[in-house]
Structures are given as C-alpha cells and as structure tokens.
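start22.cif (mmCIF, C-alpha atoms)
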data_model
loop_
_atom_site.label_atom_id
_atom_site.label_comp_id
_atom_site.auth_asym_id
_atom_site.auth_seq_id
_atom_site.Cartn_x
_atom_site.Cartn_y
_atom_site.Cartn_z
CA MET W 33 -134.93 -52.73 45.68
CA ASN W 34 -134.84 -49.05 44.78
CA TRP W 35 -131.35 -47.89 43.77
CA LEU W 36 -131.62 -44.95 46.19
CA ASP W 37 -132.13 -47.38 49.08
CA GLN W 38 -128.82 -49.07 48.23
CA VAL W 39 -126.88 -45.89 49.01
CA GLN W 40 -125.47 -45.86 52.54
CA TRP W 41 -126.69 -42.45 53.69
CA ASP W 42 -124.87 -41.00 56.69
CA PRO W 43 -126.70 -40.18 59.96
CA GLN W 44 -127.61 -36.78 58.47
CA GLY W 45 -129.08 -38.47 55.40
CA LEU W 46 -126.21 -37.29 53.19
CA VAL W 47 -123.62 -38.86 50.94
CA PRO W 48 -120.31 -37.26 49.83
CA VAL W 49 -120.04 -36.59 46.09
CA ILE W 50 -117.01 -36.07 43.86
CA ALA W 51 -117.56 -34.26 40.55
CA GLN W 52 -115.04 -35.16 37.85
CA GLU W 53 -114.83 -33.57 34.41
CA ALA W 54 -115.56 -36.32 31.89
CA SER W 55 -113.36 -34.94 29.11
CA SER W 56 -110.20 -34.11 31.11
CA GLY W 57 -110.51 -36.34 34.17
CA ASP W 58 -109.97 -33.28 36.38
CA VAL W 59 -111.56 -33.48 39.82
CA LEU W 60 -113.65 -30.32 39.92
CA MET W 61 -115.30 -30.25 43.32
CA PHE W 62 -116.58 -32.12 46.32
CA ALA W 63 -120.06 -31.65 47.76
CA TRP W 64 -122.93 -33.51 49.43
CA MET W 65 -126.27 -34.89 48.33
CA ASN W 66 -129.34 -36.02 50.15
CA ARG W 67 -131.76 -38.52 48.65
CA GLN W 68 -133.79 -35.90 46.82
CA ALA W 69 -130.66 -34.30 45.33
CA LEU W 70 -129.41 -37.62 43.97
CA GLN W 71 -132.83 -38.50 42.62
CA GLN W 72 -133.13 -35.15 40.82
CA THR W 73 -129.57 -35.45 39.49
CA ALA W 74 -130.37 -38.83 37.95
CA GLU W 75 -133.75 -37.71 36.65
CA HIS W 76 -132.64 -34.50 34.97
CA GLY W 77 -128.99 -35.29 34.16
CA ARG W 78 -127.82 -32.13 35.91
CA ALA W 79 -126.02 -31.98 39.24
CA VAL W 80 -128.16 -31.07 42.23
CA TYR W 81 -126.39 -31.01 45.59
CA PHE W 82 -127.50 -30.42 49.15
CA SER W 83 -126.03 -27.27 50.66
CA ARG W 84 -125.24 -27.98 54.30
CA SER W 85 -124.71 -24.28 55.04
CA ARG W 86 -128.03 -23.25 53.50
CA GLY W 87 -129.90 -26.38 54.52
CA ARG W 88 -131.56 -26.81 51.15
CA LEU W 89 -131.15 -28.32 47.68
CA TRP W 90 -128.60 -26.50 45.58
CA PHE W 91 -129.03 -26.74 41.84
CA LYS W 92 -125.43 -26.33 40.67
CA GLY W 93 -125.33 -23.22 38.47
CA GLU W 94 -128.56 -21.74 39.80
CA GLU W 95 -126.79 -18.40 40.36
CA SER W 96 -123.64 -18.70 38.29
CA GLY W 97 -125.10 -20.41 35.24
CA HIS W 98 -122.28 -22.94 35.61
CA VAL W 99 -124.51 -25.98 35.35
CA GLN W 100 -123.01 -29.49 35.43
CA GLN W 101 -124.34 -31.88 32.82
CA VAL W 102 -124.10 -35.40 34.27
CA HIS W 103 -122.98 -38.29 32.06
CA GLU W 104 -122.40 -41.00 34.63
CA ILE W 105 -123.26 -41.64 38.26
CA ARG W 106 -121.00 -44.07 40.09
CA LEU W 107 -121.04 -45.50 43.60
CA ASP W 108 -118.09 -46.91 45.51
CA CYS W 109 -117.49 -50.36 46.99
CA ASP W 110 -118.99 -49.40 50.36
CA HIS W 111 -122.00 -47.71 48.75
CA ASP W 112 -121.28 -44.50 50.67
CA VAL W 113 -119.52 -42.19 48.17
CA VAL W 114 -120.83 -41.00 44.78
CA LEU W 115 -118.72 -40.04 41.76
CA LEU W 116 -120.22 -37.95 38.95
CA LYS W 117 -118.72 -37.67 35.48
CA VAL W 118 -119.78 -34.24 34.26
CA THR W 119 -119.43 -31.57 31.64
CA GLN W 120 -118.98 -28.21 33.32
CA THR W 121 -121.03 -25.79 31.21
CA GLY W 122 -121.49 -22.00 31.21
CA HIS W 123 -117.92 -20.94 30.49
CA GLU W 124 -115.05 -22.18 28.35
CA PRO W 125 -112.94 -23.58 29.93
CA GLY W 126 -115.33 -24.80 32.61
CA ILE W 127 -115.55 -23.05 35.97
CA ALA W 128 -116.68 -25.25 38.86
CA CYS W 129 -115.31 -23.21 41.76
CA HIS W 130 -116.99 -20.19 43.34
CA THR W 131 -113.58 -18.44 43.21
CA GLY W 132 -113.83 -18.41 39.41
CA ARG W 133 -111.34 -21.23 38.92
CA HIS W 134 -111.69 -24.42 36.89
CA SER W 135 -111.44 -26.69 39.92
CA CYS W 136 -111.88 -26.16 43.64
CA PHE W 137 -108.58 -28.00 44.22
CA PHE W 138 -106.29 -25.12 43.32
CA HIS W 139 -104.07 -25.14 46.42
CA ARG W 140 -100.99 -27.31 46.09
CA LEU W 141 -98.64 -28.14 48.92
CA ASP W 142 -95.18 -26.87 47.95
CA GLN W 143 -92.29 -26.74 50.42
CA GLY W 144 -94.65 -26.82 53.40
CA GLN W 145 -96.92 -24.06 52.07
CA TRP W 146 -100.31 -24.16 50.36
CA GLN W 147 -99.88 -22.29 47.07
CA ALA W 148 -102.77 -21.20 44.82
CA VAL W 149 -101.42 -22.56 41.54
CA ASP W 150 -104.38 -22.34 39.15
CA PRO W 151 -105.65 -19.13 37.53
CA VAL W 152 -108.93 -17.31 38.18
CA LEU W 153 -110.77 -17.59 34.86
CA LYS W 154 -113.52 -15.11 35.71
CA ASP W 155 -113.91 -12.59 38.51
CA PRO W 156 -116.43 -13.93 41.08
CA GLU W 157 -118.03 -10.46 41.13
CA ASP W 158 -118.93 -11.00 37.49
CA ILE W 159 -120.22 -14.52 38.17
CA TYR W 160 -122.59 -13.89 41.06
CA PRO W 161 -125.37 -11.30 41.27
CA GLN W 162 -124.52 -8.50 43.68
CA GLN W 163 -126.00 -8.87 47.13
CA SER W 164 -127.98 -5.74 47.98
CA MET E 96 -98.67 -20.57 60.14
CA ASN E 97 -98.21 -24.33 59.89
CA TRP E 98 -99.81 -25.75 56.73
CA LEU E 99 -101.59 -28.40 58.82
CA ASP E 100 -103.31 -25.66 60.83
CA GLN E 101 -104.76 -24.23 57.61
CA VAL E 102 -106.77 -27.39 56.98
CA GLN E 103 -110.36 -27.14 58.23
CA TRP E 104 -110.59 -30.34 60.26
CA ASP E 105 -114.12 -31.54 60.98
CA PRO E 106 -115.41 -31.92 64.57
CA GLN E 107 -113.86 -35.42 64.66
CA GLY E 108 -110.50 -33.99 63.58
CA LEU E 109 -110.78 -35.51 60.12
CA VAL E 110 -110.71 -34.33 56.53
CA PRO E 111 -112.11 -36.19 53.50
CA VAL E 112 -109.52 -37.27 50.94
CA ILE E 113 -109.86 -38.17 47.26
CA ALA E 114 -107.09 -40.28 45.70
CA GLN E 115 -106.68 -39.80 41.97
CA GLU E 116 -104.30 -41.75 39.74
CA ALA E 117 -101.79 -39.25 38.37
CA SER E 118 -101.22 -41.03 35.05
CA SER E 119 -104.82 -41.79 34.05
CA GLY E 120 -106.82 -39.24 36.04
CA ASP E 121 -108.98 -42.07 37.40
CA VAL E 122 -110.53 -41.44 40.79
CA LEU E 123 -109.38 -44.47 42.77
CA MET E 124 -110.86 -44.11 46.23
CA PHE E 125 -112.17 -41.86 48.95
CA ALA E 126 -111.01 -42.00 52.56
CA TRP E 127 -110.30 -39.84 55.61
CA MET E 128 -107.20 -38.42 57.25
CA ASN E 129 -106.49 -36.95 60.63
CA ARG E 130 -103.66 -34.51 61.22
CA GLN E 131 -101.08 -37.21 61.83
CA ALA E 132 -102.08 -39.12 58.67
CA LEU E 133 -101.72 -36.01 56.50
CA GLN E 134 -98.41 -35.13 58.10
CA GLN E 135 -97.02 -38.62 57.51
CA THR E 136 -98.34 -38.64 53.94
CA ALA E 137 -96.50 -35.40 53.19
CA GLU E 138 -93.37 -36.48 55.00
CA HIS E 139 -92.97 -39.90 53.40
CA GLY E 140 -94.72 -39.38 50.06
CA ARG E 141 -96.96 -42.39 50.65
CA ALA E 142 -100.66 -42.31 51.47
CA VAL E 143 -101.55 -42.78 55.12
CA TYR E 144 -105.24 -42.56 55.98
CA PHE E 145 -107.22 -42.72 59.19
CA SER E 146 -109.48 -45.76 59.39
CA ARG E 147 -112.71 -44.69 61.07
CA SER E 148 -113.79 -48.31 61.56
CA ARG E 149 -110.51 -49.37 63.17
CA GLY E 150 -109.89 -46.03 64.91
CA ARG E 151 -106.23 -45.90 63.91
CA LEU E 152 -103.82 -44.78 61.20
CA TRP E 153 -104.00 -46.92 58.11
CA PHE E 154 -100.90 -47.08 55.97
CA LYS E 155 -102.38 -47.79 52.54
CA GLY E 156 -100.96 -51.09 51.38
CA GLU E 157 -99.91 -52.29 54.83
CA GLU E 158 -101.68 -55.61 54.22
CA SER E 159 -102.15 -55.70 50.46
CA GLY E 160 -98.80 -54.23 49.41
CA HIS E 161 -100.82 -51.84 47.26
CA VAL E 162 -99.01 -48.72 48.44
CA GLN E 163 -99.88 -45.32 47.00
CA GLN E 164 -96.94 -43.14 46.04
CA VAL E 165 -98.03 -39.51 46.43
CA HIS E 166 -96.95 -36.92 43.85
CA GLU E 167 -99.13 -33.99 44.80
CA ILE E 168 -101.26 -32.93 47.73
CA ARG E 169 -104.01 -30.43 46.96
CA LEU E 170 -106.55 -28.63 49.13
CA ASP E 171 -109.85 -27.18 48.00
CA CYS E 172 -111.20 -23.62 48.14
CA ASP E 173 -112.80 -24.13 51.56
CA HIS E 174 -109.70 -25.85 52.95
CA ASP E 175 -111.77 -28.85 53.99
CA VAL E 176 -111.16 -31.50 51.31
CA VAL E 177 -107.80 -32.99 50.21
CA LEU E 178 -106.97 -34.37 46.76
CA LEU E 179 -103.96 -36.67 46.28
CA LYS E 180 -102.33 -37.38 42.92
CA VAL E 181 -100.90 -40.86 43.29
CA THR E 182 -99.29 -43.82 41.60
CA GLN E 183 -101.02 -46.99 42.72
CA THR E 184 -98.20 -49.52 43.14
CA GLY E 185 -98.07 -53.26 43.91
CA HIS E 186 -99.93 -54.57 40.86
CA GLU E 187 -100.12 -53.69 37.19
CA PRO E 188 -102.64 -52.24 36.46
CA GLY E 189 -103.03 -50.63 39.88
CA ILE E 190 -105.52 -52.00 42.40
CA ALA E 191 -106.84 -49.46 44.90
CA CYS E 192 -110.03 -51.25 45.96
CA HIS E 193 -110.25 -54.00 48.57
CA THR E 194 -112.47 -55.91 46.12
CA GLY E 195 -109.45 -56.33 43.84
CA ARG E 196 -110.58 -53.71 41.35
CA HIS E 197 -108.67 -50.74 39.96
CA SER E 198 -111.00 -48.17 41.49
CA CYS E 199 -113.55 -48.28 44.30
CA PHE E 200 -116.05 -46.54 42.01
CA PHE E 201 -117.02 -49.61 40.00
CA HIS E 202 -120.80 -49.38 40.34
CA ARG E 203 -122.48 -47.40 37.57
CA LEU E 204 -126.12 -46.39 37.57
CA ASP E 205 -127.72 -47.91 34.46
CA GLN E 206 -131.48 -47.93 33.91
CA GLY E 207 -132.19 -47.42 37.59
CA GLN E 208 -129.82 -50.19 38.75
CA TRP E 209 -126.29 -50.12 40.17
CA GLN E 210 -124.19 -52.34 37.91
CA ALA E 211 -120.66 -53.52 38.75
CA VAL E 212 -119.01 -52.58 35.44
CA ASP E 213 -115.27 -52.91 36.15
CA PRO E 214 -113.37 -56.21 36.39
CA VAL E 215 -111.80 -57.80 39.46
CA LEU E 216 -108.06 -57.78 38.67
CA LYS E 217 -107.03 -60.01 41.55
CA ASP E 218 -109.00 -62.20 43.94
CA PRO E 219 -109.21 -60.49 47.36
CA GLU E 220 -108.36 -63.85 48.97
CA ASP E 221 -105.01 -63.64 47.22
CA ILE E 222 -104.51 -60.02 48.27
CA TYR E 223 -105.18 -60.24 51.98
CA PRO E 224 -103.62 -62.64 54.50
CA GLN E 225 -106.12 -65.25 55.67
CA GLN E 226 -107.76 -64.47 58.97
CA SER E 227 -107.25 -67.41 61.33
#
Any chance you could put this one into structure tokens?
Amino acid sequence: MNWLDQVQWDPQGLVPVIAQEASSGDVLMFAWMNRQALQQTAEHGRAVYFSRSRGRLWFKGEESGHVQQVHEIRLDCDHDVVLLKVTQTGHEPGIACHTGRHSCFFHRLDQGQWQAVDPVLKDPEDIYPQQS
Amino acid sequence: MNWLDQVQWDPQGLVPVIAQEASSGDVLMFAWMNRQALQQTAEHGRAVYFSRSRGRLWFKGEESGHVQQVHEIRLDCDHDVVLLKVTQTGHEPGIACHTGRHSCFFHRLDQGQWQAVDPVLKDPEDIYPQQS
C-alpha cells in the first residue's frame, strides 16, 4: 500500500501539519498539506504546504527565501496529523513566521491577555517583495 | 476584549491545539478545543480538550490518569492555532498517546514506509479500564 494512501485525509483532502525545528525543538508553525504537497515534501526534502486561502501549493520560502529543509516526516497514531522536523533556512536565527519572527507562536497568555513575547527578527517589508 | 474572543474559532467553534512537553520540547499530541475547553485549561492549568468523536469535553487523563499540567498557553500569528507547553504526568517517562507511547507521532517515514519507531511504555490494556 502506498504510504500516501495510509494518511487519513480530511473531507477537503487535507492533513494538518506541525513544523518543528530539529535543532531546538521549537514549534515553528502549523499549516496544511494535500496529497501532492506531502509527496513533493518527501521527494525534495523541502516543505511544501497547501495554502487554503490561495487554493494552491505553497512552496515554503517561495517569496521569503525562508525554505524549510525537512529531516523527518512523522505521522500520528490516528494517521491524520503530520509532524515535520526541519531546519529553517534563509536567516540566522531562522524565521518561520510571516511577521518576521522565529516562530508563529509568539503570543503568550499572561494574566488574561495575549502578549507578543518574541522579537521581530526582520521587518516583513524587507522579507516580502512589495506588492505593486 | 476577552482573550477568548481573540481566538479565531473555526466554523465548528473549535481551534487546533498542539501539546508540547516543556522539558524535552517533544511534540506529544494534537487535539481540538472549544471555547469552554480553553477556558477550563487556562483556569485550572490542566489540559481539557474537546473530543470531536464523543462530542464532549475531554479532560486529558480522565481515564488514563495521564493528566497534562499546563505551563504556557500560546497562540499563533493568525490567532487560529494554540500551543500548550505541558508536563505529561501519571507515568515516568510521560505517556501522552493512547497506544501507551510517549508521543502520538511515533510513525516515521523511512524508505517510503511508515515505521513505528518509538516503544510502547505501557500496555494500553493496563492504562484504560476494561469495557464490559
């Protein structure tokens, strides 16, 4: 049986994906993949997601240059969630978030308030090409 | 504004949640919360999820005793994914998975096959009360 057929795809043909930095263990981001995205990720060793907002494959780093090199692909007990162990390339330290931060999980609940507790490492205007 | 109102709940009123072991950085499991589950998690410092299959709140460890003590609650850039930093209690080393393993992410893709690469720490029949 093909390994892609063993993934429990949701009714939209997607699976949730957690990207974790291999060196630090930091959880960097959460995204989705369809079958083609997971296949390309495994084939090329670079993270390819499916953008639900754009309705197309999203090669991580295609605009930012912040490509994710994939070391391991894991699947959970129910076969319906994927975990990637990655190296976040393109900046040192790695930037996974479109806000220019290391991780997307930069809000921490403190005293009943969400606080942005991690620094912006690079201005998003310097990461992404200007829209004209 | 109430911090719970700042979470982008999906059309089913749920948000995906990643549980990460605070000490090791290991990603233990992935589950869902509704508003009440997140509120109770914050209030009591123990993970409460929403079981989609059972359609009710699921106090993690209610059957197994494998309660998750919650140290940090984080929210991502889009306000639609939660990350918990937890201590997995009830067994040493911690067991988060219903299969008796440390983490739910025990399948690794090797040579085009999903391989179960992490050990069962406790027999699930010894974790869960027998169904009669």
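What separates atom CA of Ile127 of chain W from atom CA of Val152 of chain W is a distance of 9.0 Å.
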Atom-to-atom span, atom CA of Val112 of chain E and atom CA of Trp98 of chain E, Å:
16.1 Å
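One distance worth recording is that between atom CA of Pro111 of chain E and atom CA of Phe125 of chain E, which is 7.3 Å.
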Within 8 Å of chain W, which residues of chain E show up when using all atoms listed in the file, listed as a ChimeraX atom specification?
/E:97-98,119-121,124-125,167-172,176-178,192,194,199-204,207-209
Restricting it to C-alpha atoms, dump the selection as a short mmCIF file (atom, residue, chain, number, x, y, z; two decimals), keeping the file's coordinate frame.
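Once everything was written out, this is result-v2.cif:
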data_model
loop_
_atom_site.label_atom_id
_atom_site.label_comp_id
_atom_site.auth_asym_id
_atom_site.auth_seq_id
_atom_site.Cartn_x
_atom_site.Cartn_y
_atom_site.Cartn_z
CA ASN E 97 -98.21 -24.33 59.89
CA TRP E 98 -99.81 -25.75 56.73
CA SER E 119 -104.82 -41.79 34.05
CA GLY E 120 -106.82 -39.24 36.04
CA ASP E 121 -108.98 -42.07 37.40
CA MET E 124 -110.86 -44.11 46.23
CA PHE E 125 -112.17 -41.86 48.95
CA GLU E 167 -99.13 -33.99 44.80
CA ILE E 168 -101.26 -32.93 47.73
CA ARG E 169 -104.01 -30.43 46.96
CA LEU E 170 -106.55 -28.63 49.13
CA ASP E 171 -109.85 -27.18 48.00
CA CYS E 172 -111.20 -23.62 48.14
CA VAL E 176 -111.16 -31.50 51.31
CA VAL E 177 -107.80 -32.99 50.21
CA LEU E 178 -106.97 -34.37 46.76
CA CYS E 192 -110.03 -51.25 45.96
CA THR E 194 -112.47 -55.91 46.12
CA CYS E 199 -113.55 -48.28 44.30
CA PHE E 200 -116.05 -46.54 42.01
CA PHE E 201 -117.02 -49.61 40.00
CA HIS E 202 -120.80 -49.38 40.34
CA ARG E 203 -122.48 -47.40 37.57
CA LEU E 204 -126.12 -46.39 37.57
CA GLY E 207 -132.19 -47.42 37.59
CA GLN E 208 -129.82 -50.19 38.75
CA TRP E 209 -126.29 -50.12 40.17
#
From the list W:Thr119, W:Gln101, W:Asn66, W:Ser96, the nearest residue to Gly45 of chain W using all atoms listed in the file is W:Asn66
Counting all atoms listed in the file, figure out which residue out of W:Val118, W:Leu70, W:Met65, W:Ala128 gets nearest to Gly93 of chain W.
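Checking each candidate against Gly93 of chain W, we get W:Ala128 as the closest.
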Starting from the point (-100.5, -44.5, 46.9), work out which residues of protein, DNA or RNA have an atom no more than 7 Å away when counting all atoms listed in the file; state them as a ChimeraX atom specification.
/E:141-142,155,162-165,181-184
Using only C-alpha atoms, pick whichever of E:Ile222, E:Pro106, E:Pro214, E:Gly140 has the shortest atom-to-atom distance to Lys180 of chain E.
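Checking each of E:Ile222, E:Pro106, E:Pro214, E:Gly140 against Lys180 of chain E, counting only C-alpha atoms, the winner is E:Gly140.
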Please expand the PyMOL selection byres ((chain E and resi 149-153) around 10) into the concrete residues it hits in this file, giving the result as a ChimeraX atom specification.
/E:127-129,131-132,135,142-148,154-158
